[in-house]
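Data file: protein.cif. Format and content: mmCIF, C-alpha atoms.
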```cif
data_structure
#
loop_
_atom_site.group_PDB
_atom_site.id
_atom_site.type_symbol
_atom_site.label_atom_id
_atom_site.label_comp_id
_atom_site.auth_asym_id
_atom_site.auth_seq_id
_atom_site.Cartn_x
_atom_site.Cartn_y
_atom_site.Cartn_z
ATOM 1 C CA LYS A 1 22.420 19.684 -9.099
ATOM 2 C CA ALA A 2 21.962 20.028 -5.346
ATOM 3 C CA GLY A 3 19.776 17.497 -3.575
ATOM 4 C CA VAL A 4 17.081 18.028 -0.994
ATOM 5 C CA THR A 5 18.515 19.894 1.992
ATOM 6 C CA GLN A 6 17.063 19.622 5.462
ATOM 7 C CA THR A 7 18.168 21.744 8.375
ATOM 8 C CA PRO A 8 19.077 21.291 11.074
ATOM 9 C CA ARG A 9 20.288 17.669 10.985
ATOM 10 C CA TYR A 10 19.965 17.180 14.726
ATOM 11 C CA LEU A 11 17.912 18.951 17.328
ATOM 12 C CA ILE A 12 17.273 18.508 21.033
ATOM 13 C CA LYS A 13 14.267 20.231 22.556
ATOM 14 C CA THR A 14 12.454 20.182 25.860
ATOM 15 C CA ARG A 15 8.859 19.069 26.344
ATOM 16 C CA GLY A 16 6.476 21.950 25.794
ATOM 17 C CA GLN A 17 8.757 23.869 23.461
ATOM 18 C CA GLN A 18 8.127 24.348 19.788
ATOM 19 C CA VAL A 19 10.387 23.566 16.859
ATOM 20 C CA THR A 20 10.692 24.570 13.220
ATOM 21 C CA LEU A 21 12.334 22.359 10.620
ATOM 22 C CA SER A 22 13.309 23.439 7.138
ATOM 23 C CA CYS A 23 13.389 21.671 3.795
ATOM 24 C CA SER A 24 14.849 23.103 0.599
ATOM 25 C CA PRO A 25 13.745 21.064 -2.416
ATOM 26 C CA ILE A 26 15.627 20.391 -5.595
ATOM 27 C CA SER A 27 15.581 23.410 -7.856
ATOM 28 C CA GLY A 28 12.452 23.392 -9.999
ATOM 29 C CA HIS A 29 10.542 21.015 -7.763
ATOM 30 C CA ARG A 30 7.251 22.437 -6.550
ATOM 31 C CA SER A 31 6.027 19.613 -4.328
ATOM 32 C CA VAL A 32 7.388 19.075 -0.840
ATOM 33 C CA SER A 33 6.038 16.387 1.448
ATOM 34 C CA TRP A 34 6.921 15.648 5.049
ATOM 35 C CA TYR A 35 7.171 12.322 6.885
ATOM 36 C CA GLN A 36 7.762 11.197 10.438
ATOM 37 C CA GLN A 37 9.765 8.052 11.111
ATOM 38 C CA THR A 38 9.678 6.371 14.505
ATOM 39 C CA PRO A 39 10.810 2.863 15.467
ATOM 40 C CA GLY A 40 7.303 1.890 16.464
ATOM 41 C CA GLN A 41 5.249 3.404 13.629
ATOM 42 C CA GLY A 42 7.685 3.427 10.733
ATOM 43 C CA LEU A 43 7.309 6.145 8.123
ATOM 44 C CA GLN A 44 4.093 8.137 8.247
ATOM 45 C CA PHE A 45 2.881 10.917 6.007
ATOM 46 C CA LEU A 46 2.450 14.338 7.606
ATOM 47 C CA PHE A 47 1.484 16.680 4.759
ATOM 48 C CA GLU A 48 2.284 17.766 1.247
ATOM 49 C CA TYR A 49 2.643 21.250 -0.173
ATOM 50 C CA PHE A 50 2.501 22.237 -3.798
ATOM 51 C CA SER A 51 2.909 25.808 -4.996
ATOM 52 C CA GLU A 52 2.471 27.200 -1.470
ATOM 53 C CA THR A 53 -0.780 25.291 -0.859
ATOM 54 C CA GLN A 54 -1.276 22.320 1.386
ATOM 55 C CA ARG A 55 -2.520 19.650 -0.959
ATOM 56 C CA ASN A 56 -2.880 16.725 1.396
ATOM 57 C CA LYS A 57 -2.625 16.066 5.106
ATOM 58 C CA GLY A 58 -1.993 12.934 7.130
ATOM 59 C CA ASN A 59 -3.514 11.917 10.408
ATOM 60 C CA PHE A 60 -1.517 14.027 12.847
ATOM 61 C CA PRO A 61 -2.741 16.459 15.528
ATOM 62 C CA GLY A 62 -2.975 20.164 14.869
ATOM 63 C CA ARG A 63 0.288 20.721 16.755
ATOM 64 C CA PHE A 64 1.961 19.717 13.494
ATOM 65 C CA SER A 65 1.766 22.392 10.842
ATOM 66 C CA GLY A 66 3.667 23.490 7.806
ATOM 67 C CA ARG A 67 3.968 26.040 5.100
ATOM 68 C CA GLN A 68 5.661 26.525 1.787
ATOM 69 C CA PHE A 69 7.225 29.674 0.451
ATOM 70 C CA SER A 70 7.237 31.088 -3.059
ATOM 71 C CA ASN A 71 10.696 29.602 -3.678
ATOM 72 C CA SER A 72 9.252 26.153 -2.786
ATOM 73 C CA ARG A 73 11.202 25.909 0.449
ATOM 74 C CA SER A 74 9.047 24.414 3.160
ATOM 75 C CA GLU A 75 8.978 24.596 6.906
ATOM 76 C CA MET A 76 7.373 22.270 9.380
ATOM 77 C CA ASN A 77 6.456 23.402 12.871
ATOM 78 C CA VAL A 78 5.607 21.317 15.903
ATOM 79 C CA SER A 79 4.232 23.154 18.907
ATOM 80 C CA THR A 80 3.971 21.996 22.518
ATOM 81 C CA LEU A 81 6.429 19.186 21.980
ATOM 82 C CA GLU A 82 5.817 15.796 23.550
ATOM 83 C CA LEU A 83 8.287 13.012 24.234
ATOM 84 C CA GLY A 84 6.550 10.957 21.534
ATOM 85 C CA ASP A 85 7.457 13.542 18.918
ATOM 86 C CA SER A 86 11.047 12.317 19.059
ATOM 87 C CA ALA A 87 11.615 11.001 15.565
ATOM 88 C CA LEU A 88 13.407 11.387 12.282
ATOM 89 C CA TYR A 89 11.558 13.911 10.141
ATOM 90 C CA LEU A 90 12.081 13.506 6.416
ATOM 91 C CA CYS A 91 11.013 15.622 3.534
ATOM 92 C CA ALA A 92 10.784 14.674 -0.113
ATOM 93 C CA SER A 93 10.590 16.862 -3.175
ATOM 94 C CA SER A 94 9.255 16.176 -6.631
ATOM 95 C CA LEU A 95 8.085 18.053 -9.683
ATOM 96 C CA GLY A 96 4.550 17.522 -8.501
ATOM 97 C CA GLY A 97 2.762 14.725 -10.277
ATOM 98 C CA GLY A 98 2.402 11.314 -8.687
ATOM 99 C CA GLU A 99 4.227 9.714 -11.546
ATOM 100 C CA THR A 100 7.298 11.886 -11.021
ATOM 101 C CA GLU A 101 10.258 10.711 -9.025
ATOM 102 C CA ALA A 102 10.590 11.841 -5.431
ATOM 103 C CA PHE A 103 13.898 12.664 -3.798
ATOM 104 C CA PHE A 104 14.383 12.476 -0.059
ATOM 105 C CA GLY A 105 16.466 14.628 2.230
ATOM 106 C CA GLN A 106 18.788 13.321 4.936
ATOM 107 C CA GLY A 107 16.259 14.119 7.607
ATOM 108 C CA THR A 108 16.225 16.023 10.868
ATOM 109 C CA ARG A 109 16.553 13.901 13.976
ATOM 110 C CA LEU A 110 14.522 15.516 16.741
ATOM 111 C CA THR A 111 14.935 14.425 20.326
ATOM 112 C CA VAL A 112 12.476 15.710 22.910
ATOM 113 C CA VAL A 113 13.645 15.443 26.517
ATOM 114 C CA LYS B 1 -4.577 -2.665 7.934
ATOM 115 C CA ASN B 2 -1.439 -1.547 6.140
ATOM 116 C CA GLU B 3 -1.731 -0.365 2.589
ATOM 117 C CA VAL B 4 1.751 -1.772 1.897
ATOM 118 C CA GLU B 5 3.015 -5.117 3.139
ATOM 119 C CA GLN B 6 6.663 -6.058 2.871
ATOM 120 C CA SER B 7 8.456 -9.325 3.469
ATOM 121 C CA PRO B 8 10.643 -10.472 4.988
ATOM 122 C CA GLN B 9 11.097 -8.055 7.893
ATOM 123 C CA ASN B 10 14.653 -9.191 8.492
ATOM 124 C CA LEU B 11 17.077 -10.927 6.192
ATOM 125 C CA THR B 12 20.602 -12.183 6.733
ATOM 126 C CA ALA B 13 22.586 -13.372 3.749
ATOM 127 C CA GLN B 14 26.093 -14.516 2.942
ATOM 128 C CA GLU B 15 28.091 -12.354 0.605
ATOM 129 C CA GLY B 16 27.382 -13.341 -2.975
ATOM 130 C CA GLU B 17 23.861 -14.629 -2.385
ATOM 131 C CA PHE B 18 20.873 -13.623 -4.480
ATOM 132 C CA ILE B 19 18.347 -11.684 -2.420
ATOM 133 C CA THR B 20 14.653 -11.013 -2.996
ATOM 134 C CA ILE B 21 12.443 -8.620 -1.061
ATOM 135 C CA ASN B 22 8.719 -8.605 -1.749
ATOM 136 C CA CYS B 23 6.105 -5.874 -1.570
ATOM 137 C CA SER B 24 2.328 -6.099 -1.912
ATOM 138 C CA TYR B 25 -0.005 -3.138 -1.873
ATOM 139 C CA SER B 26 -3.735 -2.641 -1.726
ATOM 140 C CA VAL B 27 -4.291 0.906 -3.008
ATOM 141 C CA GLY B 28 -4.364 2.299 -6.499
ATOM 142 C CA ILE B 29 -0.982 3.746 -7.266
ATOM 143 C CA SER B 30 0.644 6.139 -9.696
ATOM 144 C CA ALA B 31 4.119 4.777 -8.951
ATOM 145 C CA LEU B 32 6.064 2.493 -6.632
ATOM 146 C CA HIS B 33 9.441 3.369 -5.162
ATOM 147 C CA TRP B 34 12.085 1.195 -3.624
ATOM 148 C CA LEU B 35 14.036 3.129 -1.017
ATOM 149 C CA GLN B 36 17.277 2.363 0.787
ATOM 150 C CA GLN B 37 18.036 3.671 4.247
ATOM 151 C CA HIS B 38 21.421 3.277 5.864
ATOM 152 C CA PRO B 39 22.054 3.734 9.601
ATOM 153 C CA GLY B 40 22.062 7.467 10.211
ATOM 154 C CA GLY B 41 18.776 8.015 8.494
ATOM 155 C CA GLY B 42 19.208 9.326 4.963
ATOM 156 C CA ILE B 43 16.913 7.760 2.400
ATOM 157 C CA VAL B 44 17.892 7.140 -1.191
ATOM 158 C CA SER B 45 15.400 6.295 -3.885
ATOM 159 C CA LEU B 46 16.696 3.241 -5.748
ATOM 160 C CA PHE B 47 13.912 2.832 -8.272
ATOM 161 C CA MET B 48 10.641 4.338 -9.326
ATOM 162 C CA LEU B 49 8.372 1.933 -11.197
ATOM 163 C CA SER B 50 4.981 2.211 -12.768
ATOM 164 C CA SER B 51 5.261 -0.924 -14.905
ATOM 165 C CA GLY B 52 7.616 -3.690 -15.938
ATOM 166 C CA LYS B 53 11.170 -3.992 -14.768
ATOM 167 C CA LYS B 54 14.182 -1.798 -14.110
ATOM 168 C CA LYS B 55 17.826 -2.705 -13.574
ATOM 169 C CA HIS B 56 20.609 -0.669 -12.050
ATOM 170 C CA GLY B 57 23.887 -2.464 -11.550
ATOM 171 C CA ARG B 58 23.243 -5.451 -9.287
ATOM 172 C CA LEU B 59 19.755 -4.264 -8.398
ATOM 173 C CA ILE B 60 16.627 -5.297 -10.263
ATOM 174 C CA ALA B 61 13.084 -4.167 -9.498
ATOM 175 C CA THR B 62 9.919 -5.581 -11.001
ATOM 176 C CA ILE B 63 6.286 -4.689 -10.658
ATOM 177 C CA ASN B 64 3.079 -6.517 -11.573
ATOM 178 C CA ILE B 65 0.300 -3.952 -11.625
ATOM 179 C CA GLN B 66 -2.490 -6.512 -11.989
ATOM 180 C CA GLU B 67 -1.309 -8.476 -8.961
ATOM 181 C CA LYS B 68 -0.304 -5.331 -7.028
ATOM 182 C CA HIS B 69 3.076 -6.802 -6.254
ATOM 183 C CA SER B 70 6.677 -5.734 -6.634
ATOM 184 C CA SER B 71 10.006 -7.382 -5.945
ATOM 185 C CA LEU B 72 13.478 -6.028 -5.381
ATOM 186 C CA HIS B 73 16.328 -8.367 -6.243
ATOM 187 C CA ILE B 74 19.977 -7.965 -5.352
ATOM 188 C CA THR B 75 22.378 -10.167 -7.263
ATOM 189 C CA ALA B 76 25.823 -11.043 -5.858
ATOM 190 C CA SER B 77 25.068 -9.352 -2.546
ATOM 191 C CA HIS B 78 27.826 -7.459 -0.776
ATOM 192 C CA PRO B 79 28.228 -6.256 2.827
ATOM 193 C CA ARG B 80 27.780 -2.680 1.653
ATOM 194 C CA ASP B 81 24.232 -3.637 0.618
ATOM 195 C CA SER B 82 23.398 -3.954 4.318
ATOM 196 C CA ALA B 83 20.636 -1.443 4.927
ATOM 197 C CA VAL B 84 16.903 -1.151 5.385
ATOM 198 C CA TYR B 85 14.939 -1.414 2.147
ATOM 199 C CA ILE B 86 11.540 0.233 2.089
ATOM 200 C CA CYS B 87 8.767 -0.172 -0.431
ATOM 201 C CA ALA B 88 6.720 2.989 -0.914
ATOM 202 C CA VAL B 89 3.720 3.522 -3.154
ATOM 203 C CA ARG B 90 2.343 6.827 -4.294
ATOM 204 C CA GLY B 91 -1.447 6.842 -4.140
ATOM 205 C CA VAL B 92 -3.473 8.083 -7.073
ATOM 206 C CA ARG B 93 -5.586 10.092 -4.663
ATOM 207 C CA GLY B 94 -3.759 12.776 -2.745
ATOM 208 C CA ASN B 95 -0.316 12.010 -4.088
ATOM 209 C CA GLN B 96 0.922 10.848 -0.714
ATOM 210 C CA PHE B 97 3.293 7.977 -0.053
ATOM 211 C CA TYR B 98 2.304 4.824 1.782
ATOM 212 C CA PHE B 99 5.254 2.923 3.191
ATOM 213 C CA GLY B 100 6.028 -0.664 3.995
ATOM 214 C CA THR B 101 7.614 -1.400 7.351
ATOM 215 C CA GLY B 102 10.969 -2.064 5.725
ATOM 216 C CA THR B 103 13.264 -5.043 5.340
ATOM 217 C CA SER B 104 16.461 -4.967 7.351
ATOM 218 C CA LEU B 105 19.156 -6.665 5.290
ATOM 219 C CA THR B 106 22.486 -7.785 6.704
ATOM 220 C CA VAL B 107 25.046 -9.250 4.337
ATOM 221 C CA ILE B 108 27.808 -11.165 6.076
ATOM 222 C CA PRO B 109 31.262 -11.328 4.491
#
```

Could I get this file's structure written as structure tokens?
Amino acid sequence: KAGVTQTPRYLIKTRGQQVTLSCSPISGHRSVSWYQQTPGQGLQFLFEYFSETQRNKGNFPGRFSGRQFSNSRSEMNVSTLELGDSALYLCASSLGGGETEAFFGQGTRLTVV
Amino acid sequence: KNEVEQSPQNLTAQEGEFITINCSYSVGISALHWLQQHPGGGIVSLFMLSSGKKKHGRLIATINIQEKHSSLHITASHPRDSAVYICAVRGVRGNQFYFGTGTSLTVIP
């Protein structure tokens, strides 16, 4: 079965712009979580969606937002981009429970110039 | 304070050596994952553990719930094992992952 698909794979944006990233989970998975990976901070949790509801949120400013659609696909939006938002953004999907296995996408590498 | 501590940060080994990467965590967990990340970014989940031990080929992962500690072992290491290995725990509250800082492994032929 198809894995977790993130689009686009690479993105270059200018400071002040906004960006939308997409994550399509494995079929049947209802939980999608998002992570930011930077060289300085490592992997950090952004938020998790389950059945179209945000279930948990990390410690990021309000410029970072997300949503999940009825087909479980999720989008993440970052507004008013800053240079420090340059990172690899990863999403992971799972059936939903903490004891279920999570599968990661290839990530979207965002560069803000 | 990091919820997940990993050691070592960097590891260089000769091909064929036995490798151990350690992970300690401080939060209550529902599961622990060992992840592999190659240059280019994609992350692959190697193991998910909630107790005991799992083996997949040359990789072995163990977890001690009482001591809040896990180890990843690679037997007969190979240059293609060169990657960053990340320990991630799934918290019982909120279902989110907490990540270690990763261990960068280089296996020299």

Next on the checklist: Can you tell me which residues surround Glu82 of chain A at a distance of at most 12 Å, considering all atoms listed in the file, apart from same-chain residues fewer than 3 positions away, and format the answer as a list in words?
Outcome noted: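 Result of the neighbour search: Lys13, Thr14, Arg15, Gly16, Gln17, Gln18, Val19, Pro61, Arg63, Phe64, Val78, Ser79, Asp85, Ser86, Ala87, Leu110, Thr111, Val112 and Val113 of chain A.
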
Checklist entry - Suppose you want the space between atom CA of Gly107 of chain A and atom CA of Asn2 of chain B; what is it in Å? => result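 Taking atom CA of Gly107 of chain A and atom CA of Asn2 of chain B, their separation equals 23.7 Å.
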
Next on the checklist: Residues within 7 Å of Pro25 of chain A, please, as a list of chain:residue names. Count all atoms listed in the file; anything in the same chain fewer than 6 positions from it doesn't count.
Outcome noted: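 Selected residues are A:Val4, A:Thr5, A:Val32, A:Ser72, A:Arg73, A:Ser93.
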
Only C-alpha atoms, please: the residues just picked out, written as an mmCIF file, keeping the file's coordinate frame.
```
data_model
loop_
_atom_site.group_PDB
_atom_site.id
_atom_site.type_symbol
_atom_site.label_atom_id
_atom_site.label_comp_id
_atom_site.auth_asym_id
_atom_site.auth_seq_id
_atom_site.Cartn_x
_atom_site.Cartn_y
_atom_site.Cartn_z
ATOM 1 C CA VAL A 4 17.081 18.028 -0.994
ATOM 2 C CA THR A 5 18.515 19.894 1.992
ATOM 3 C CA VAL A 32 7.388 19.075 -0.840
ATOM 4 C CA SER A 72 9.252 26.153 -2.786
ATOM 5 C CA ARG A 73 11.202 25.909 0.449
ATOM 6 C CA SER A 93 10.590 16.862 -3.175
#
```

Checklist entry - Taking only C-alpha atoms into account, which residues of chain A are within 9 Å of chain B, as a ChimeraX atom specification? => result /A:33,41-45,47-48,55-58,88,90,96-109

Checklist entry - Any idea what's packed within 10 Å of Phe69 of chain A, counting only C-alpha atoms, ignoring anything in its chain fewer than 6 positions away? Could you give it as a PyMOL selection string? => result chain A and resi 49-53+75

Calculate, to one decimal in Å, the centre and edge lengths of the box along x, y and z of the file that holds all listed atoms of segment 61-80 of chain B with 5 Å of margin on each side, and present them as JSON.
```
{"center_x": 12.9, "center_y": -6.9, "center_z": -4.6, "size_x": 40.7, "size_y": 18.4, "size_z": 24.8}
```

Checklist entry - So which residues get picked by the PyMOL selection byres ((chain B and resi 52-60) around 9) here, written as a list in words? => result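 Applied to this file, the PyMOL selection byres ((chain B and resi 52-60) around 9) selects Leu46, Phe47, Met48, Leu49, Ser50, Ser51, Ala61, Thr62, Ile63, Asn64, Ile65, Ser71, Leu72, His73, Ile74, Thr75, Ala76 and Ser77 of chain B.
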
With C-alpha atoms kept, could you save the residues just selected as an mmCIF file, keeping the file's coordinate frame?
```cif
data_model
loop_
_atom_site.group_PDB
_atom_site.id
_atom_site.type_symbol
_atom_site.label_atom_id
_atom_site.label_comp_id
_atom_site.auth_asym_id
_atom_site.auth_seq_id
_atom_site.Cartn_x
_atom_site.Cartn_y
_atom_site.Cartn_z
ATOM 1 C CA LEU B 46 16.696 3.241 -5.748
ATOM 2 C CA PHE B 47 13.912 2.832 -8.272
ATOM 3 C CA MET B 48 10.641 4.338 -9.326
ATOM 4 C CA LEU B 49 8.372 1.933 -11.197
ATOM 5 C CA SER B 50 4.981 2.211 -12.768
ATOM 6 C CA SER B 51 5.261 -0.924 -14.905
ATOM 7 C CA ALA B 61 13.084 -4.167 -9.498
ATOM 8 C CA THR B 62 9.919 -5.581 -11.001
ATOM 9 C CA ILE B 63 6.286 -4.689 -10.658
ATOM 10 C CA ASN B 64 3.079 -6.517 -11.573
ATOM 11 C CA ILE B 65 0.300 -3.952 -11.625
ATOM 12 C CA SER B 71 10.006 -7.382 -5.945
ATOM 13 C CA LEU B 72 13.478 -6.028 -5.381
ATOM 14 C CA HIS B 73 16.328 -8.367 -6.243
ATOM 15 C CA ILE B 74 19.977 -7.965 -5.352
ATOM 16 C CA THR B 75 22.378 -10.167 -7.263
ATOM 17 C CA ALA B 76 25.823 -11.043 -5.858
ATOM 18 C CA SER B 77 25.068 -9.352 -2.546
#
```

Checklist entry - Quick one: distance from atom CA of Ala92 of chain A to atom CA of Ser70 of chain B in Å, one decimal? => result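 Between atom CA of Ala92 of chain A and atom CA of Ser70 of chain B the gap works out to 21.8 Å.
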
Item to check | Residue members of the PyMOL selection byres ((chain B and resi 81) around 12) in the file shown, as a ChimeraX atom specification | outcome: /B:11-19,36-39,58-59,73-80,82-85,104-109

Checklist entry - Taking into account all atoms listed in the file, which residue in the set A:Thr38, A:Asn59, A:Ser94, A:Thr7 is nearest to Leu21 of chain A? => result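 Checking each of A:Thr38, A:Asn59, A:Ser94, A:Thr7 against Leu21 of chain A, counting all atoms listed in the file, the winner is A:Thr7.
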
Checklist entry - Suppose you want the space between atom CA of Ser24 of chain A and atom CA of Cys91 of chain A; what is it in Å? => result 8.9 Å

Next on the checklist: Expand the PyMOL selection byres ((chain A and resi 76) around 7) into the explicit residue set it covers here, and present it as a list in words.
Outcome noted: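 Going through the file, the PyMOL selection byres ((chain A and resi 76) around 7) ends up selecting Thr20, Leu21, Ser22, Ser65, Gly66, Arg67, Ser74, Glu75, Asn77 and Val78 of chain A.
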
Next on the checklist: Please list as a list in words every residue within 7 Å of Glu3 of chain B, counting all atoms listed in the file and excluding residues in the same chain fewer than 5 positions away.
Outcome noted: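 Contacts, with the query itself left out: Tyr25, Ser26, Val27 and Tyr98 of chain B.
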
Fix up segment 91-107 of chain A with N, CA and C atoms, then write it as a PDB file, keeping the file's coordinate frame.
```pdb
ATOM      1  N   CYS A  91      11.814  14.996   4.558  1.00  0.00           N
ATOM      2  CA  CYS A  91      11.013  15.622   3.534  1.00  0.00           C
ATOM      3  C   CYS A  91      11.429  15.068   2.174  1.00  0.00           C
ATOM      4  N   ALA A  92      10.519  15.142   1.243  1.00  0.00           N
ATOM      5  CA  ALA A  92      10.784  14.674  -0.113  1.00  0.00           C
ATOM      6  C   ALA A  92      10.296  15.727  -1.091  1.00  0.00           C
ATOM      7  N   SER A  93      11.029  15.905  -2.164  1.00  0.00           N
ATOM      8  CA  SER A  93      10.590  16.862  -3.175  1.00  0.00           C
ATOM      9  C   SER A  93      10.395  16.164  -4.507  1.00  0.00           C
ATOM     10  N   SER A  94       9.479  16.685  -5.283  1.00  0.00           N
ATOM     11  CA  SER A  94       9.255  16.176  -6.631  1.00  0.00           C
ATOM     12  C   SER A  94       8.694  17.304  -7.475  1.00  0.00           C
ATOM     13  N   LEU A  95       8.637  17.050  -8.785  1.00  0.00           N
ATOM     14  CA  LEU A  95       8.085  18.053  -9.683  1.00  0.00           C
ATOM     15  C   LEU A  95       6.620  18.327  -9.359  1.00  0.00           C
ATOM     16  N   GLY A  96       5.917  17.274  -8.939  1.00  0.00           N
ATOM     17  CA  GLY A  96       4.550  17.522  -8.501  1.00  0.00           C
ATOM     18  C   GLY A  96       3.598  16.392  -8.773  1.00  0.00           C
ATOM     19  N   GLY A  97       3.686  15.795  -9.947  1.00  0.00           N
ATOM     20  CA  GLY A  97       2.762  14.725 -10.277  1.00  0.00           C
ATOM     21  C   GLY A  97       3.144  13.434  -9.586  1.00  0.00           C
ATOM     22  N   GLY A  98       2.143  12.575  -9.370  1.00  0.00           N
ATOM     23  CA  GLY A  98       2.402  11.314  -8.687  1.00  0.00           C
ATOM     24  C   GLY A  98       3.325  10.396  -9.447  1.00  0.00           C
ATOM     25  N   GLU A  99       3.386  10.595 -10.747  1.00  0.00           N
ATOM     26  CA  GLU A  99       4.227   9.714 -11.546  1.00  0.00           C
ATOM     27  C   GLU A  99       5.662  10.230 -11.638  1.00  0.00           C
ATOM     28  N   THR A 100       5.941  11.344 -10.977  1.00  0.00           N
ATOM     29  CA  THR A 100       7.298  11.886 -11.021  1.00  0.00           C
ATOM     30  C   THR A 100       8.100  11.372  -9.836  1.00  0.00           C
ATOM     31  N   GLU A 101       9.397  11.294 -10.042  1.00  0.00           N
ATOM     32  CA  GLU A 101      10.258  10.711  -9.025  1.00  0.00           C
ATOM     33  C   GLU A 101      10.380  11.644  -7.827  1.00  0.00           C
ATOM     34  N   ALA A 102      10.412  11.073  -6.649  1.00  0.00           N
ATOM     35  CA  ALA A 102      10.590  11.841  -5.431  1.00  0.00           C
ATOM     36  C   ALA A 102      11.999  11.644  -4.908  1.00  0.00           C
ATOM     37  N   PHE A 103      12.548  12.699  -4.351  1.00  0.00           N
ATOM     38  CA  PHE A 103      13.898  12.664  -3.798  1.00  0.00           C
ATOM     39  C   PHE A 103      13.810  13.059  -2.329  1.00  0.00           C
ATOM     40  N   PHE A 104      14.470  12.266  -1.497  1.00  0.00           N
ATOM     41  CA  PHE A 104      14.383  12.476  -0.059  1.00  0.00           C
ATOM     42  C   PHE A 104      15.604  13.215   0.467  1.00  0.00           C
ATOM     43  N   GLY A 105      15.374  14.003   1.511  1.00  0.00           N
ATOM     44  CA  GLY A 105      16.466  14.628   2.230  1.00  0.00           C
ATOM     45  C   GLY A 105      17.070  13.669   3.248  1.00  0.00           C
ATOM     46  N   GLN A 106      18.106  14.142   3.933  1.00  0.00           N
ATOM     47  CA  GLN A 106      18.788  13.321   4.936  1.00  0.00           C
ATOM     48  C   GLN A 106      18.010  13.246   6.246  1.00  0.00           C
ATOM     49  N   GLY A 107      17.085  14.148   6.411  1.00  0.00           N
ATOM     50  CA  GLY A 107      16.259  14.119   7.607  1.00  0.00           C
ATOM     51  C   GLY A 107      16.781  14.992   8.733  1.00  0.00           C
TER      52      GLY A 107
END
```
